[in-house]
Amino acid sequence: MTAAEQGTDSAQVTLWLCPNDGLSPEIARLLAEHWLDAQEQRTAGKFLFERDRLQYLIAHTLVRRALALEAGLAEAELVIWRSARGRPFLRPTSDLASRGGRVLDFNLSHAGGYNLLGIVRRARIGVDVERIAERDENAIATIVNAVSAQERDWVREAEPGPERDRRALRVWVLKEAYSKARGLGLGIPFDSFVFTLDDEGGVRGFTPPADDTGRPWRFLELEPVPGVLVAVAVPADGNEEAVVHLNHGFPWSRSAPLRFLLPEPVGGDTYAAAA
């Protein structure tokens, strides 16, 4: 049995995939009133359209509920700060330190009516979710033009239509997840690092940008709902196995999640030398 399977939370990745209809508008507004801080309340109030405001409320009440379960604190007690680039993170607390746990890191993505939240206790995490049907021909062309020549060639090997769109979005969600894990967002050129993907799914190789050649990464691709693509990026800690817990819906209950291992590390000097 691995350390993660014995309950060591430092090697565990927790994912929550929650559709917008997983929480009613009335409950979302009520929870937000009690859980969100003043800055979040101000942000929610700036949306012109109610659908966009509800999207924000559902996503951010999801964050607070899931982090509260992980941290053992009340939702309203969580203090969320932002980096200079706008990446949110949970302020460390003495309560977490007294339990011997590392600081929780989290990342949020939403698209096509779905919210994806990733949580770890080690290093950083980046996640992204995209719905294939949400992208038109121009959007796919923009994605293809933004990635590396190698990735572009791989996408164009597929016939125009759904299969090519799927390949383009597979590359894109991985790019987004990696850049978000780095805390750089769109600050890193998407043609400066390269994914080598299996046609049927999975990352076979990773060539990082010049400023990140020393460490390996683990990348996960999922399609938990037909037509909804998910990517996860976390730095690898040697060859230690990492367990993923995938939960669906809003975190009201402790129903058993799907459990599986993160794929093997790719990239990094050590792994490149061994290849």
# chains A, B, ... in the order shown; residues from 1 in each chain; ligands from 1
call {"tool": "select_by_dssp", "arguments": {"residues": "region 54-225 of chain A", "states": "alpha helix (DSSP H)", "output": "PDB file with N, CA, C and O atoms, in the first residue's frame"}}
result
ATOM      1  N   LEU A  54     -24.065  34.503 -11.338  1.00  0.00           N
ATOM      2  CA  LEU A  54     -24.320  33.182 -10.761  1.00  0.00           C
ATOM      3  C   LEU A  54     -23.156  32.230 -11.008  1.00  0.00           C
ATOM      4  O   LEU A  54     -22.798  31.434 -10.135  1.00  0.00           O
ATOM      5  N   GLN A  55     -22.573  32.294 -12.203  1.00  0.00           N
ATOM      6  CA  GLN A  55     -21.390  31.478 -12.486  1.00  0.00           C
ATOM      7  C   GLN A  55     -20.298  31.748 -11.455  1.00  0.00           C
ATOM      8  O   GLN A  55     -19.681  30.827 -10.907  1.00  0.00           O
ATOM      9  N   TYR A  56     -20.058  33.013 -11.182  1.00  0.00           N
ATOM     10  CA  TYR A  56     -19.039  33.400 -10.213  1.00  0.00           C
ATOM     11  C   TYR A  56     -19.399  32.891  -8.809  1.00  0.00           C
ATOM     12  O   TYR A  56     -18.540  32.340  -8.099  1.00  0.00           O
ATOM     13  N   LEU A  57     -20.642  33.068  -8.404  1.00  0.00           N
ATOM     14  CA  LEU A  57     -21.045  32.652  -7.063  1.00  0.00           C
ATOM     15  C   LEU A  57     -20.927  31.148  -6.876  1.00  0.00           C
ATOM     16  O   LEU A  57     -20.451  30.670  -5.833  1.00  0.00           O
ATOM     17  N   ILE A  58     -21.353  30.386  -7.874  1.00  0.00           N
ATOM     18  CA  ILE A  58     -21.272  28.930  -7.772  1.00  0.00           C
ATOM     19  C   ILE A  58     -19.814  28.491  -7.689  1.00  0.00           C
ATOM     20  O   ILE A  58     -19.432  27.662  -6.848  1.00  0.00           O
ATOM     21  N   ALA A  59     -18.970  29.054  -8.562  1.00  0.00           N
ATOM     22  CA  ALA A  59     -17.562  28.672  -8.570  1.00  0.00           C
ATOM     23  C   ALA A  59     -16.895  28.989  -7.244  1.00  0.00           C
ATOM     24  O   ALA A  59     -16.127  28.167  -6.700  1.00  0.00           O
ATOM     25  N   HIS A  60     -17.176  30.141  -6.676  1.00  0.00           N
ATOM     26  CA  HIS A  60     -16.448  30.557  -5.477  1.00  0.00           C
ATOM     27  C   HIS A  60     -17.037  29.981  -4.189  1.00  0.00           C
ATOM     28  O   HIS A  60     -16.293  29.820  -3.204  1.00  0.00           O
ATOM     29  N   THR A  61     -18.304  29.646  -4.181  1.00  0.00           N
ATOM     30  CA  THR A  61     -18.809  28.886  -3.038  1.00  0.00           C
ATOM     31  C   THR A  61     -18.284  27.445  -3.101  1.00  0.00           C
ATOM     32  O   THR A  61     -18.028  26.832  -2.054  1.00  0.00           O
ATOM     33  N   LEU A  62     -18.112  26.910  -4.301  1.00  0.00           N
ATOM     34  CA  LEU A  62     -17.473  25.596  -4.449  1.00  0.00           C
ATOM     35  C   LEU A  62     -16.070  25.618  -3.853  1.00  0.00           C
ATOM     36  O   LEU A  62     -15.686  24.711  -3.099  1.00  0.00           O
ATOM     37  N   VAL A  63     -15.290  26.645  -4.170  1.00  0.00           N
ATOM     38  CA  VAL A  63     -13.934  26.761  -3.641  1.00  0.00           C
ATOM     39  C   VAL A  63     -13.948  26.757  -2.122  1.00  0.00           C
ATOM     40  O   VAL A  63     -13.210  26.006  -1.475  1.00  0.00           O
ATOM     41  N   ARG A  64     -14.800  27.576  -1.545  1.00  0.00           N
ATOM     42  CA  ARG A  64     -14.792  27.698  -0.079  1.00  0.00           C
ATOM     43  C   ARG A  64     -15.289  26.423   0.607  1.00  0.00           C
ATOM     44  O   ARG A  64     -14.752  26.021   1.645  1.00  0.00           O
ATOM     45  N   ARG A  65     -16.295  25.787   0.035  1.00  0.00           N
ATOM     46  CA  ARG A  65     -16.803  24.552   0.639  1.00  0.00           C
ATOM     47  C   ARG A  65     -15.756  23.439   0.581  1.00  0.00           C
ATOM     48  O   ARG A  65     -15.497  22.756   1.574  1.00  0.00           O
ATOM     49  N   ALA A  66     -15.121  23.262  -0.589  1.00  0.00           N
ATOM     50  CA  ALA A  66     -14.141  22.188  -0.736  1.00  0.00           C
ATOM     51  C   ALA A  66     -12.897  22.451   0.108  1.00  0.00           C
ATOM     52  O   ALA A  66     -12.351  21.526   0.733  1.00  0.00           O
ATOM     53  N   LEU A  67     -12.432  23.705   0.153  1.00  0.00           N
ATOM     54  CA  LEU A  67     -11.272  24.016   0.984  1.00  0.00           C
ATOM     55  C   LEU A  67     -11.594  23.855   2.467  1.00  0.00           C
ATOM     56  O   LEU A  67     -10.734  23.431   3.253  1.00  0.00           O
ATOM     57  N   ALA A  68     -12.812  24.182   2.856  1.00  0.00           N
ATOM     58  CA  ALA A  68     -13.199  24.006   4.254  1.00  0.00           C
ATOM     59  C   ALA A  68     -13.137  22.536   4.654  1.00  0.00           C
ATOM     60  O   ALA A  68     -12.687  22.196   5.762  1.00  0.00           O
ATOM     61  N   LEU A  69     -13.574  21.647   3.764  1.00  0.00           N
ATOM     62  CA  LEU A  69     -13.503  20.219   4.056  1.00  0.00           C
ATOM     63  C   LEU A  69     -12.058  19.763   4.198  1.00  0.00           C
ATOM     64  O   LEU A  69     -11.749  18.917   5.050  1.00  0.00           O
ATOM     65  N   GLU A  70     -11.169  20.295   3.373  1.00  0.00           N
ATOM     66  CA  GLU A  70      -9.762  19.898   3.418  1.00  0.00           C
ATOM     67  C   GLU A  70      -9.045  20.482   4.632  1.00  0.00           C
ATOM     68  O   GLU A  70      -8.210  19.818   5.250  1.00  0.00           O
ATOM     69  N   ALA A  71      -9.359  21.742   4.953  1.00  0.00           N
ATOM     70  CA  ALA A  71      -8.631  22.436   6.013  1.00  0.00           C
ATOM     71  C   ALA A  71      -9.234  22.230   7.395  1.00  0.00           C
ATOM     72  O   ALA A  71      -8.575  22.492   8.404  1.00  0.00           O
ATOM     73  N   SER A  94      -2.265  28.927  11.649  1.00  0.00           N
ATOM     74  CA  SER A  94      -1.641  28.128  12.708  1.00  0.00           C
ATOM     75  C   SER A  94      -2.379  26.816  12.905  1.00  0.00           C
ATOM     76  O   SER A  94      -1.786  25.809  13.297  1.00  0.00           O
ATOM     77  N   ASP A  95      -3.694  26.789  12.614  1.00  0.00           N
ATOM     78  CA  ASP A  95      -4.465  25.550  12.756  1.00  0.00           C
ATOM     79  C   ASP A  95      -3.948  24.485  11.801  1.00  0.00           C
ATOM     80  O   ASP A  95      -3.785  23.324  12.174  1.00  0.00           O
ATOM     81  N   LEU A  96      -3.681  24.859  10.545  1.00  0.00           N
ATOM     82  CA  LEU A  96      -3.152  23.898   9.584  1.00  0.00           C
ATOM     83  C   LEU A  96      -1.770  23.433  10.001  1.00  0.00           C
ATOM     84  O   LEU A  96      -1.445  22.253   9.925  1.00  0.00           O
ATOM     85  N   ALA A  97      -0.928  24.370  10.451  1.00  0.00           N
ATOM     86  CA  ALA A  97       0.426  24.001  10.846  1.00  0.00           C
ATOM     87  C   ALA A  97       0.421  23.047  12.032  1.00  0.00           C
ATOM     88  O   ALA A  97       1.221  22.107  12.109  1.00  0.00           O
ATOM     89  N   SER A  98      -0.506  23.250  12.982  1.00  0.00           N
ATOM     90  CA  SER A  98      -0.554  22.384  14.163  1.00  0.00           C
ATOM     91  C   SER A  98      -0.937  20.965  13.821  1.00  0.00           C
ATOM     92  O   SER A  98      -0.627  20.038  14.549  1.00  0.00           O
ATOM     93  N   GLU A 137     -14.957  27.355 -35.258  1.00  0.00           N
ATOM     94  CA  GLU A 137     -13.805  27.164 -36.144  1.00  0.00           C
ATOM     95  C   GLU A 137     -12.739  28.228 -35.924  1.00  0.00           C
ATOM     96  O   GLU A 137     -11.534  27.933 -35.922  1.00  0.00           O
ATOM     97  N   ASN A 138     -13.141  29.475 -35.726  1.00  0.00           N
ATOM     98  CA  ASN A 138     -12.172  30.547 -35.518  1.00  0.00           C
ATOM     99  C   ASN A 138     -11.409  30.370 -34.205  1.00  0.00           C
ATOM    100  O   ASN A 138     -10.203  30.651 -34.135  1.00  0.00           O
ATOM    101  N   ALA A 139     -12.126  29.942 -33.168  1.00  0.00           N
ATOM    102  CA  ALA A 139     -11.470  29.727 -31.875  1.00  0.00           C
ATOM    103  C   ALA A 139     -10.445  28.606 -31.964  1.00  0.00           C
ATOM    104  O   ALA A 139      -9.343  28.704 -31.397  1.00  0.00           O
ATOM    105  N   ILE A 140     -10.791  27.531 -32.666  1.00  0.00           N
ATOM    106  CA  ILE A 140      -9.852  26.421 -32.834  1.00  0.00           C
ATOM    107  C   ILE A 140      -8.626  26.885 -33.609  1.00  0.00           C
ATOM    108  O   ILE A 140      -7.479  26.548 -33.276  1.00  0.00           O
ATOM    109  N   ALA A 141      -8.827  27.682 -34.661  1.00  0.00           N
ATOM    110  CA  ALA A 141      -7.705  28.197 -35.447  1.00  0.00           C
ATOM    111  C   ALA A 141      -6.785  29.063 -34.588  1.00  0.00           C
ATOM    112  O   ALA A 141      -5.550  29.000 -34.710  1.00  0.00           O
ATOM    113  N   THR A 142      -7.362  29.859 -33.699  1.00  0.00           N
ATOM    114  CA  THR A 142      -6.562  30.701 -32.807  1.00  0.00           C
ATOM    115  C   THR A 142      -5.708  29.846 -31.884  1.00  0.00           C
ATOM    116  O   THR A 142      -4.528  30.142 -31.648  1.00  0.00           O
ATOM    117  N   ILE A 143      -6.297  28.773 -31.350  1.00  0.00           N
ATOM    118  CA  ILE A 143      -5.548  27.860 -30.485  1.00  0.00           C
ATOM    119  C   ILE A 143      -4.381  27.238 -31.244  1.00  0.00           C
ATOM    120  O   ILE A 143      -3.237  27.222 -30.771  1.00  0.00           O
ATOM    121  N   VAL A 144      -4.658  26.719 -32.432  1.00  0.00           N
ATOM    122  CA  VAL A 144      -3.628  26.034 -33.210  1.00  0.00           C
ATOM    123  C   VAL A 144      -2.476  26.980 -33.532  1.00  0.00           C
ATOM    124  O   VAL A 144      -1.304  26.602 -33.480  1.00  0.00           O
ATOM    125  N   ASN A 145      -2.782  28.219 -33.841  1.00  0.00           N
ATOM    126  CA  ASN A 145      -1.739  29.187 -34.181  1.00  0.00           C
ATOM    127  C   ASN A 145      -0.913  29.615 -32.973  1.00  0.00           C
ATOM    128  O   ASN A 145       0.191  30.149 -33.137  1.00  0.00           O
ATOM    129  N   ALA A 146      -1.426  29.390 -31.767  1.00  0.00           N
ATOM    130  CA  ALA A 146      -0.735  29.846 -30.561  1.00  0.00           C
ATOM    131  C   ALA A 146       0.252  28.822 -30.007  1.00  0.00           C
ATOM    132  O   ALA A 146       1.106  29.178 -29.181  1.00  0.00           O
ATOM    133  N   ALA A 149       5.120  24.445 -33.169  1.00  0.00           N
ATOM    134  CA  ALA A 149       5.019  23.839 -34.495  1.00  0.00           C
ATOM    135  C   ALA A 149       4.779  22.335 -34.393  1.00  0.00           C
ATOM    136  O   ALA A 149       3.986  21.766 -35.166  1.00  0.00           O
ATOM    137  N   GLN A 150       5.430  21.673 -33.447  1.00  0.00           N
ATOM    138  CA  GLN A 150       5.250  20.226 -33.277  1.00  0.00           C
ATOM    139  C   GLN A 150       3.809  19.889 -32.906  1.00  0.00           C
ATOM    140  O   GLN A 150       3.203  18.969 -33.456  1.00  0.00           O
ATOM    141  N   GLU A 151       3.265  20.643 -31.974  1.00  0.00           N
ATOM    142  CA  GLU A 151       1.873  20.419 -31.563  1.00  0.00           C
ATOM    143  C   GLU A 151       0.915  20.754 -32.694  1.00  0.00           C
ATOM    144  O   GLU A 151      -0.083  20.055 -32.907  1.00  0.00           O
ATOM    145  N   ARG A 152       1.216  21.800 -33.414  1.00  0.00           N
ATOM    146  CA  ARG A 152       0.376  22.204 -34.542  1.00  0.00           C
ATOM    147  C   ARG A 152       0.330  21.098 -35.597  1.00  0.00           C
ATOM    148  O   ARG A 152      -0.741  20.768 -36.129  1.00  0.00           O
ATOM    149  N   ASP A 153       1.491  20.506 -35.890  1.00  0.00           N
ATOM    150  CA  ASP A 153       1.529  19.417 -36.868  1.00  0.00           C
ATOM    151  C   ASP A 153       0.705  18.229 -36.393  1.00  0.00           C
ATOM    152  O   ASP A 153      -0.016  17.592 -37.195  1.00  0.00           O
ATOM    153  N   TRP A 154       0.785  17.921 -35.092  1.00  0.00           N
ATOM    154  CA  TRP A 154       0.034  16.779 -34.549  1.00  0.00           C
ATOM    155  C   TRP A 154      -1.476  17.031 -34.647  1.00  0.00           C
ATOM    156  O   TRP A 154      -2.246  16.138 -35.019  1.00  0.00           O
ATOM    157  N   VAL A 155      -1.901  18.242 -34.341  1.00  0.00           N
ATOM    158  CA  VAL A 155      -3.326  18.574 -34.447  1.00  0.00           C
ATOM    159  C   VAL A 155      -3.792  18.427 -35.891  1.00  0.00           C
ATOM    160  O   VAL A 155      -4.861  17.852 -36.171  1.00  0.00           O
ATOM    161  N   ARG A 156      -3.000  18.892 -36.831  1.00  0.00           N
ATOM    162  CA  ARG A 156      -3.401  18.898 -38.234  1.00  0.00           C
ATOM    163  C   ARG A 156      -3.304  17.530 -38.903  1.00  0.00           C
ATOM    164  O   ARG A 156      -3.742  17.379 -40.050  1.00  0.00           O
ATOM    165  N   PRO A 162     -14.594  17.310 -35.697  1.00  0.00           N
ATOM    166  CA  PRO A 162     -14.552  17.002 -34.263  1.00  0.00           C
ATOM    167  C   PRO A 162     -13.220  16.450 -33.774  1.00  0.00           C
ATOM    168  O   PRO A 162     -12.768  16.813 -32.671  1.00  0.00           O
ATOM    169  N   GLU A 163     -12.577  15.584 -34.545  1.00  0.00           N
ATOM    170  CA  GLU A 163     -11.332  14.985 -34.070  1.00  0.00           C
ATOM    171  C   GLU A 163     -10.207  16.009 -34.008  1.00  0.00           C
ATOM    172  O   GLU A 163      -9.411  16.033 -33.069  1.00  0.00           O
ATOM    173  N   ARG A 164     -10.138  16.890 -35.006  1.00  0.00           N
ATOM    174  CA  ARG A 164      -9.120  17.943 -34.952  1.00  0.00           C
ATOM    175  C   ARG A 164      -9.411  18.910 -33.818  1.00  0.00           C
ATOM    176  O   ARG A 164      -8.489  19.367 -33.119  1.00  0.00           O
ATOM    177  N   ASP A 165     -10.672  19.248 -33.627  1.00  0.00           N
ATOM    178  CA  ASP A 165     -11.047  20.133 -32.516  1.00  0.00           C
ATOM    179  C   ASP A 165     -10.640  19.519 -31.181  1.00  0.00           C
ATOM    180  O   ASP A 165     -10.111  20.214 -30.301  1.00  0.00           O
ATOM    181  N   ARG A 166     -10.871  18.227 -31.035  1.00  0.00           N
ATOM    182  CA  ARG A 166     -10.514  17.541 -29.791  1.00  0.00           C
ATOM    183  C   ARG A 166      -9.008  17.610 -29.547  1.00  0.00           C
ATOM    184  O   ARG A 166      -8.557  17.898 -28.431  1.00  0.00           O
ATOM    185  N   ARG A 167      -8.229  17.367 -30.593  1.00  0.00           N
ATOM    186  CA  ARG A 167      -6.773  17.420 -30.427  1.00  0.00           C
ATOM    187  C   ARG A 167      -6.314  18.818 -30.021  1.00  0.00           C
ATOM    188  O   ARG A 167      -5.453  18.977 -29.145  1.00  0.00           O
ATOM    189  N   ALA A 168      -6.875  19.829 -30.670  1.00  0.00           N
ATOM    190  CA  ALA A 168      -6.488  21.203 -30.347  1.00  0.00           C
ATOM    191  C   ALA A 168      -6.808  21.537 -28.893  1.00  0.00           C
ATOM    192  O   ALA A 168      -5.983  22.137 -28.184  1.00  0.00           O
ATOM    193  N   LEU A 169      -7.966  21.122 -28.436  1.00  0.00           N
ATOM    194  CA  LEU A 169      -8.355  21.429 -27.058  1.00  0.00           C
ATOM    195  C   LEU A 169      -7.606  20.582 -26.043  1.00  0.00           C
ATOM    196  O   LEU A 169      -7.364  21.039 -24.914  1.00  0.00           O
ATOM    197  N   ARG A 170      -7.204  19.374 -26.417  1.00  0.00           N
ATOM    198  CA  ARG A 170      -6.358  18.580 -25.524  1.00  0.00           C
ATOM    199  C   ARG A 170      -5.046  19.309 -25.254  1.00  0.00           C
ATOM    200  O   ARG A 170      -4.580  19.394 -24.110  1.00  0.00           O
ATOM    201  N   VAL A 171      -4.445  19.831 -26.307  1.00  0.00           N
ATOM    202  CA  VAL A 171      -3.208  20.601 -26.133  1.00  0.00           C
ATOM    203  C   VAL A 171      -3.474  21.846 -25.283  1.00  0.00           C
ATOM    204  O   VAL A 171      -2.728  22.166 -24.357  1.00  0.00           O
ATOM    205  N   TRP A 172      -4.570  22.521 -25.577  1.00  0.00           N
ATOM    206  CA  TRP A 172      -4.846  23.797 -24.909  1.00  0.00           C
ATOM    207  C   TRP A 172      -5.072  23.630 -23.407  1.00  0.00           C
ATOM    208  O   TRP A 172      -4.532  24.410 -22.610  1.00  0.00           O
ATOM    209  N   VAL A 173      -5.865  22.631 -22.998  1.00  0.00           N
ATOM    210  CA  VAL A 173      -6.127  22.486 -21.565  1.00  0.00           C
ATOM    211  C   VAL A 173      -4.849  22.123 -20.812  1.00  0.00           C
ATOM    212  O   VAL A 173      -4.647  22.553 -19.670  1.00  0.00           O
ATOM    213  N   LEU A 174      -3.972  21.339 -21.435  1.00  0.00           N
ATOM    214  CA  LEU A 174      -2.700  21.024 -20.802  1.00  0.00           C
ATOM    215  C   LEU A 174      -1.825  22.270 -20.670  1.00  0.00           C
ATOM    216  O   LEU A 174      -1.182  22.497 -19.636  1.00  0.00           O
ATOM    217  N   LYS A 175      -1.789  23.079 -21.719  1.00  0.00           N
ATOM    218  CA  LYS A 175      -1.034  24.328 -21.674  1.00  0.00           C
ATOM    219  C   LYS A 175      -1.551  25.229 -20.551  1.00  0.00           C
ATOM    220  O   LYS A 175      -0.770  25.811 -19.775  1.00  0.00           O
ATOM    221  N   GLU A 176      -2.864  25.366 -20.474  1.00  0.00           N
ATOM    222  CA  GLU A 176      -3.469  26.205 -19.441  1.00  0.00           C
ATOM    223  C   GLU A 176      -3.151  25.679 -18.042  1.00  0.00           C
ATOM    224  O   GLU A 176      -2.802  26.446 -17.134  1.00  0.00           O
ATOM    225  N   ALA A 177      -3.290  24.368 -17.852  1.00  0.00           N
ATOM    226  CA  ALA A 177      -3.047  23.785 -16.530  1.00  0.00           C
ATOM    227  C   ALA A 177      -1.601  24.011 -16.099  1.00  0.00           C
ATOM    228  O   ALA A 177      -1.327  24.385 -14.947  1.00  0.00           O
ATOM    229  N   TYR A 178      -0.652  23.784 -17.009  1.00  0.00           N
ATOM    230  CA  TYR A 178       0.760  23.981 -16.674  1.00  0.00           C
ATOM    231  C   TYR A 178       1.047  25.439 -16.334  1.00  0.00           C
ATOM    232  O   TYR A 178       1.682  25.744 -15.300  1.00  0.00           O
ATOM    233  N   SER A 179       0.597  26.363 -17.165  1.00  0.00           N
ATOM    234  CA  SER A 179       0.893  27.776 -16.920  1.00  0.00           C
ATOM    235  C   SER A 179       0.241  28.259 -15.630  1.00  0.00           C
ATOM    236  O   SER A 179       0.817  29.083 -14.906  1.00  0.00           O
ATOM    237  N   LYS A 180      -0.935  27.726 -15.295  1.00  0.00           N
ATOM    238  CA  LYS A 180      -1.592  28.112 -14.045  1.00  0.00           C
ATOM    239  C   LYS A 180      -0.880  27.525 -12.841  1.00  0.00           C
ATOM    240  O   LYS A 180      -0.783  28.166 -11.782  1.00  0.00           O
ATOM    241  N   ALA A 181      -0.341  26.304 -12.974  1.00  0.00           N
ATOM    242  CA  ALA A 181       0.439  25.732 -11.887  1.00  0.00           C
ATOM    243  C   ALA A 181       1.706  26.541 -11.638  1.00  0.00           C
ATOM    244  O   ALA A 181       2.158  26.675 -10.492  1.00  0.00           O
ATOM    245  N   ARG A 182       2.278  27.084 -12.705  1.00  0.00           N
ATOM    246  CA  ARG A 182       3.455  27.943 -12.559  1.00  0.00           C
ATOM    247  C   ARG A 182       3.089  29.315 -11.984  1.00  0.00           C
ATOM    248  O   ARG A 182       3.980  30.080 -11.591  1.00  0.00           O
TER     249      ARG A 182
END
call {"tool": "closest_residue", "arguments": {"among": "A:Arg218, A:Arg135, A:Arg82, A:Arg259", "to": "Val232 (chain A)", "atoms": "only C-alpha atoms"}}
result
A:Arg218
call {"tool": "residues_around", "arguments": {"residues": "Glu33 (chain A)", "least_positions_apart": "2", "cutoff": "12 Å", "atoms": "only C-alpha atoms", "output": "ChimeraX atom specification"}}
result
/A:26-31,35-38,40-42,44-45,57-58,60-61,75-76
call {"tool": "residues_around", "arguments": {"residues": "region 17-25 of chain A", "least_positions_apart": "2", "cutoff": "6 Å", "atoms": "only C-alpha atoms", "output": "ChimeraX atom specification"}}
result
/A:27-28,113-116,248-250
call {"tool": "residues_around", "arguments": {"residues": "Leu90 (chain A)", "least_positions_apart": "3", "cutoff": "9 Å", "atoms": "only C-alpha atoms", "output": "MDAnalysis selection string"}}
result
chainID A and resid 67 78:82 93 103:106
call {"tool": "write_last_selection", "arguments": {"atoms": "all heavy atoms", "output": "short mmCIF file (atom, residue, chain, number, x, y, z; two decimals), in the first residue's frame"}}
result
data_model
loop_
_atom_site.label_atom_id
_atom_site.label_comp_id
_atom_site.auth_asym_id
_atom_site.auth_seq_id
_atom_site.Cartn_x
_atom_site.Cartn_y
_atom_site.Cartn_z
N LEU A 67 -12.43 23.70 0.15
CA LEU A 67 -11.27 24.02 0.98
C LEU A 67 -11.59 23.85 2.47
O LEU A 67 -10.73 23.43 3.25
CB LEU A 67 -10.80 25.45 0.71
CG LEU A 67 -10.09 25.69 -0.62
CD1 LEU A 67 -9.76 27.18 -0.76
CD2 LEU A 67 -8.83 24.86 -0.74
N LEU A 78 -11.95 31.04 6.06
CA LEU A 78 -10.84 30.92 5.13
C LEU A 78 -10.46 32.30 4.58
O LEU A 78 -11.34 33.07 4.18
CB LEU A 78 -11.21 30.01 3.97
CG LEU A 78 -11.61 28.57 4.35
CD1 LEU A 78 -12.14 27.85 3.11
CD2 LEU A 78 -10.43 27.82 4.95
N VAL A 79 -9.17 32.59 4.57
CA VAL A 79 -8.68 33.87 4.03
C VAL A 79 -7.97 33.59 2.73
O VAL A 79 -6.95 32.88 2.71
CB VAL A 79 -7.75 34.58 5.02
CG1 VAL A 79 -7.24 35.89 4.41
CG2 VAL A 79 -8.48 34.84 6.33
N ILE A 80 -8.50 34.11 1.64
CA ILE A 80 -7.94 33.88 0.31
C ILE A 80 -7.26 35.16 -0.16
O ILE A 80 -7.89 36.21 -0.26
CB ILE A 80 -9.04 33.42 -0.67
CG1 ILE A 80 -9.60 32.06 -0.22
CG2 ILE A 80 -8.48 33.33 -2.09
CD1 ILE A 80 -10.75 31.55 -1.04
N TRP A 81 -5.96 35.04 -0.43
CA TRP A 81 -5.18 36.15 -0.95
C TRP A 81 -4.93 35.94 -2.43
O TRP A 81 -5.21 34.87 -2.98
CB TRP A 81 -3.84 36.24 -0.21
CG TRP A 81 -3.96 36.77 1.19
CD1 TRP A 81 -5.01 37.40 1.74
CD2 TRP A 81 -2.96 36.68 2.21
NE1 TRP A 81 -4.76 37.74 3.06
CE2 TRP A 81 -3.49 37.31 3.36
CE3 TRP A 81 -1.67 36.17 2.27
CZ2 TRP A 81 -2.77 37.41 4.55
CZ3 TRP A 81 -0.95 36.28 3.44
CH2 TRP A 81 -1.49 36.89 4.57
N ARG A 82 -4.32 36.93 -3.08
CA ARG A 82 -3.96 36.84 -4.49
C ARG A 82 -2.53 37.31 -4.70
O ARG A 82 -2.10 38.28 -4.06
CB ARG A 82 -4.92 37.65 -5.36
CG ARG A 82 -6.22 36.93 -5.63
CD ARG A 82 -7.23 37.76 -6.37
NE ARG A 82 -8.36 36.94 -6.76
CZ ARG A 82 -9.31 36.51 -5.96
NH1 ARG A 82 -9.25 36.82 -4.67
NH2 ARG A 82 -10.29 35.76 -6.40
N THR A 93 -2.46 29.13 8.04
CA THR A 93 -2.97 29.38 9.38
C THR A 93 -2.26 28.50 10.39
O THR A 93 -1.71 27.45 10.06
CB THR A 93 -4.48 29.08 9.47
OG1 THR A 93 -4.69 27.68 9.30
CG2 THR A 93 -5.26 29.84 8.40
N VAL A 103 0.73 23.65 3.46
CA VAL A 103 -0.26 24.63 3.04
C VAL A 103 -1.01 24.11 1.82
O VAL A 103 -0.43 23.58 0.88
CB VAL A 103 0.43 25.97 2.72
CG1 VAL A 103 -0.58 26.97 2.18
CG2 VAL A 103 1.13 26.51 3.94
N LEU A 104 -2.32 24.25 1.86
CA LEU A 104 -3.14 23.83 0.73
C LEU A 104 -2.93 24.77 -0.45
O LEU A 104 -2.87 25.99 -0.29
CB LEU A 104 -4.61 23.85 1.12
CG LEU A 104 -5.09 22.80 2.12
CD1 LEU A 104 -6.51 23.14 2.59
CD2 LEU A 104 -5.05 21.42 1.51
N ASP A 105 -2.82 24.19 -1.63
CA ASP A 105 -2.82 24.99 -2.84
C ASP A 105 -4.03 24.55 -3.66
O ASP A 105 -4.44 23.38 -3.63
CB ASP A 105 -1.55 24.77 -3.65
CG ASP A 105 -1.45 25.75 -4.82
OD1 ASP A 105 -1.51 26.97 -4.58
OD2 ASP A 105 -1.35 25.30 -5.97
N PHE A 106 -4.62 25.50 -4.39
CA PHE A 106 -5.80 25.17 -5.18
C PHE A 106 -5.79 25.96 -6.46
O PHE A 106 -5.09 26.96 -6.61
CB PHE A 106 -7.08 25.44 -4.38
CG PHE A 106 -7.38 26.90 -4.17
CD1 PHE A 106 -8.25 27.59 -5.01
CD2 PHE A 106 -6.80 27.60 -3.11
CE1 PHE A 106 -8.53 28.93 -4.82
CE2 PHE A 106 -7.07 28.95 -2.91
CZ PHE A 106 -7.94 29.61 -3.77
#
call {"tool": "select_by_dssp", "arguments": {"residues": "region 25-126 of chain A", "states": "strand (DSSP E)", "output": "VMD selection string"}}
result
chain A and resid 80 to 82 88 to 90 105 to 111 114 to 120 126
call {"tool": "closest_residue", "arguments": {"among": "A:Ala242, A:Ala158, A:Leu220, A:Ile188", "to": "Arg121 (chain A)", "atoms": "only C-alpha atoms"}}
result
A:Ala242
call {"tool": "closest_residue", "arguments": {"among": "A:Asp199, A:Ala123, A:Arg254, A:Leu246", "to": "Glu157 (chain A)", "atoms": "only C-alpha atoms"}}
result
A:Asp199
